[in-house]
Amino acid sequence: MLDREQVLHVARLARLELSEEEVERMAAELSKVLDHIEKIRELDLDGVPPTSHVIDVVNALRADEPEPSLPREVILAAAPEPLHDGFGVPSPGAA
Amino acid sequence: MSDLVDLTAAAAAERIRAGELAHADLFEAYRARAAADQLNAFTWVADGPPAGDPYEERPLGGVPVAVKDLFCTEGVPSQSGSRILEGYRPPYTATVVSKLAQAGAPLLAKTNQDEFAMGSSNENSGFGPVLNPWDRGRVPGGSSGGSAAAVAAGLAPWAIGTDTGGSIRQPAALCGIVGVKPTYGACSRYGMIAFASSLDQAGPLTRDVTDAALMLRHMVGHDRRDSTSLEFPGEIALPRAEALTGIRLGVPEELTGDGGGVEAGVRENFEATIALAERLGATVEPCQLPHAPHALSAYYLIAPAEASANLARFDAVRYGLRVDGEADLVSMYSRTRDAGFGPEVKRRIMLGTYALSSGYYDAYYGTAQKVRTKIAEDFQTAFERFDFIATPTSPWTAFELESKTADPLAMYLNDFMTVPMSLAGIPAISIPSGLSDGLPVGFQLAGPAFSESRLLDAAYALERAIGFDGSEARK
């Protein structure tokens, strides 16, 4: 089902740097789960609308009014690298 | 001290409000038990109640609550069972936790859980497994395993958890307590660290049905911070039914037949409970939920898909763990996420990312959402003839630690009877219905959207007739 190349492709999309061992295990485990799940593709679902929301609600609107937010220093307190009143990150372009 | 712990939460609240019991004494009795916990049920325990609250005047009387780790609690570790959030102290509190505190239920402790609520045994916690108080060699169920074990063992008067595909009901069943998954939207999800947003619901884990009703009454309601939350129609009533006269129960063949792999002891107990319901005046008939056997497959596409999107926020930028990469942003993301997430979380992120990826979206996610529509229609049709649907909560009683960890698919089968209700967004309750080989069995009742008061009433009548004694687990 899922081969090594597919696992590596999906891992790249998911931003997961899997170890060699994890790649092997993931290919086997995901294939087994997908084999089981595949059965739903045999159902006749022509004309069935996909669920968008389970409880019948139409919309949820509110007035767009500015409100105070949490102070900057409170938010930055949890950041791994607070920098110049913002979040520090490595350069997206480096390496 | 021990007689304090024998009181249900509702009875303790009543005594405090009547001036017969000091709320601080009750808090201290539970705090001491929680601090001495041997089950690994907690990730944090409070020092004492917030001072100065007039608890005697509040409806919940100061009876403290244990809260699943994934609810944000201001200044208190909230890690969703994950090492990627180890030590994270949020700057705000989840709405349901604030509402309970407002009603007079202060925070006692945070409870251990499967990482990001992904699991049915609590063995996926980044902080170690929780043990079942009925047998410490067995799992408490999951993902709200810490909450269930804490209530069953009398380490907390009551607790809250979350249920995405069974994560309140299944651990409640395996630990011999009551668990309620409310209608989707009944409780605000604001401040819950998200797993699958179209399924996640908060709900009570309690010693009996009355406690569950009392707690749920103070959890529901629209919250402007969660636009999927709804105004609950009317107040949740405290249950008082003594019979089930006129109640029509449907027993879905698809969920109680051989397909679910129900253990013999669980089946026997279920049949005995159905017979009891008939003696209480209910009429019981088989019913059909033709698409229910496909619910598990749909669930294991929809929930991982939503999880893969929700967990994209763990990027080592704003909070949580950071592992440095090779000086660039993407390798920092990828290494942090590989180091911080456990195996089951990675598996589900991979599954979800795959199901949403280009070329597969319609075949997997799209198909699953159509199956979901059919499952909801099956329930609607059934509720034209029946008041409630009855099934066992879990195909098995509590299983031995590590007995199912090697096979992810076998573990997923735990959710066979609980996932259909989650996909349909309808409320369901699990009550303890007896023991099988010394281990608790759960009985599940599900009703139409917003039928919580009626559901609790029926569960209460059954609870009285069953007369389950959970005191063994509190010793």
# chains A, B, ... in the order shown; residues from 1 in each chain; ligands from 1
>>> select_by_dssp(residues="chain A", states="strand (DSSP E or B)", output="ChimeraX atom specification")
/A:82-83,86-87
>>> write_last_selection(atoms="C-alpha atoms", output="PDB file, in the first residue's frame")
ATOM      1  CA  PRO A  82      11.350  36.011  22.448  1.00  0.00           C
ATOM      2  CA  LEU A  83      13.200  38.557  20.333  1.00  0.00           C
ATOM      3  CA  GLY A  86       8.355  39.257  18.762  1.00  0.00           C
ATOM      4  CA  PHE A  87       9.008  35.577  18.110  1.00  0.00           C
TER       5      PHE A  87
END
>>> interface_residues(of="chain A", to="chain B", cutoff="9 Å", atoms="only C-alpha atoms", output="ChimeraX atom specification")
/A:6-7,10-19,22,26,29-30,32-34,36-41,43,45,48-55,57,59-62,70,74-82,87-95
>>> residues_around(residues="stretch 99-114 of chain B", least_positions_apart="6", cutoff="6 Å", atoms="only C-alpha atoms", output="list of chain:residue names")
B:Ala41, B:Phe42, B:Thr43, B:Trp44, B:Val45, B:Ala46, B:Tyr55, B:Arg58, B:Pro59, B:Leu60, B:Gly61, B:Gly62, B:Val63, B:Pro64, B:Val65, B:Ala66, B:Val67, B:Lys68, B:Asp69, B:Gly81, B:Asn122, B:Asn124, B:Ser125, B:Ser143, B:Ser144, B:Gly145, B:Gly146, B:Ser147
>>> write_last_selection(atoms="C-alpha atoms", output="compact mmCIF listing (two decimals), in the first residue's frame")
# COMPACT_ATOMS: atom_id res chain seq x y z
CA ALA B 41 -3.70 9.82 37.45
CA PHE B 42 -2.48 13.40 37.83
CA THR B 43 -0.05 15.77 36.12
CA TRP B 44 -0.54 18.54 38.71
CA VAL B 45 -2.28 18.86 42.11
CA ALA B 46 -3.37 22.18 43.71
CA TYR B 55 -18.67 28.58 48.28
CA ARG B 58 -22.63 28.65 45.11
CA PRO B 59 -24.64 25.80 43.55
CA LEU B 60 -21.63 23.44 43.51
CA GLY B 61 -20.69 24.31 47.10
CA GLY B 62 -16.91 24.32 46.61
CA VAL B 63 -16.69 20.62 45.69
CA PRO B 64 -13.40 20.62 43.75
CA VAL B 65 -13.01 19.24 40.24
CA ALA B 66 -10.19 17.37 38.52
CA VAL B 67 -9.61 18.61 34.98
CA LYS B 68 -8.10 16.76 32.02
CA ASP B 69 -4.67 18.11 31.15
CA GLY B 81 -0.33 14.70 27.76
CA ASN B 122 -3.89 6.07 28.39
CA ASN B 124 0.04 7.08 24.84
CA SER B 125 0.62 9.72 27.51
CA SER B 143 -8.12 9.12 26.47
CA SER B 144 -9.59 10.65 29.66
CA GLY B 145 -7.99 7.82 31.69
CA GLY B 146 -6.62 10.02 34.47
CA SER B 147 -10.00 11.66 35.05
>>> atom_distance(atom1="atom CA of B:Thr95", atom2="atom CA of B:Leu216")
13.2 Å
>>> residues_around(residues="stretch 400-403 of chain B", least_positions_apart="3", cutoff="12 Å", atoms="only C-alpha atoms", output="list in words")
Ser120, Ser121, Asn122, Glu123, Asn124, Gly128, Pro129, Val130, Leu131, Asn132, Trp134, Asp135, Arg136, Gly137, Arg138, Val139, Pro140, Gly141, Leu174, Trp396, Thr397, Ala406, Asp407, Pro408, Ala410, Met411 and Leu439 of chain B
>>> residues_around(residues="B:Ala272", least_positions_apart="2", cutoff="12 Å", atoms="only C-alpha atoms", output="list in words")
Gly265, Val266, Arg267, Glu268, Asn269, Phe270, Ile274, Ala275, Leu276, Ala277, Glu278, Arg279, Pro392, Ser433, Gly434, Leu435, Ser436, Val441, Phe443, Leu462, Ala465 and Ile466 of chain B
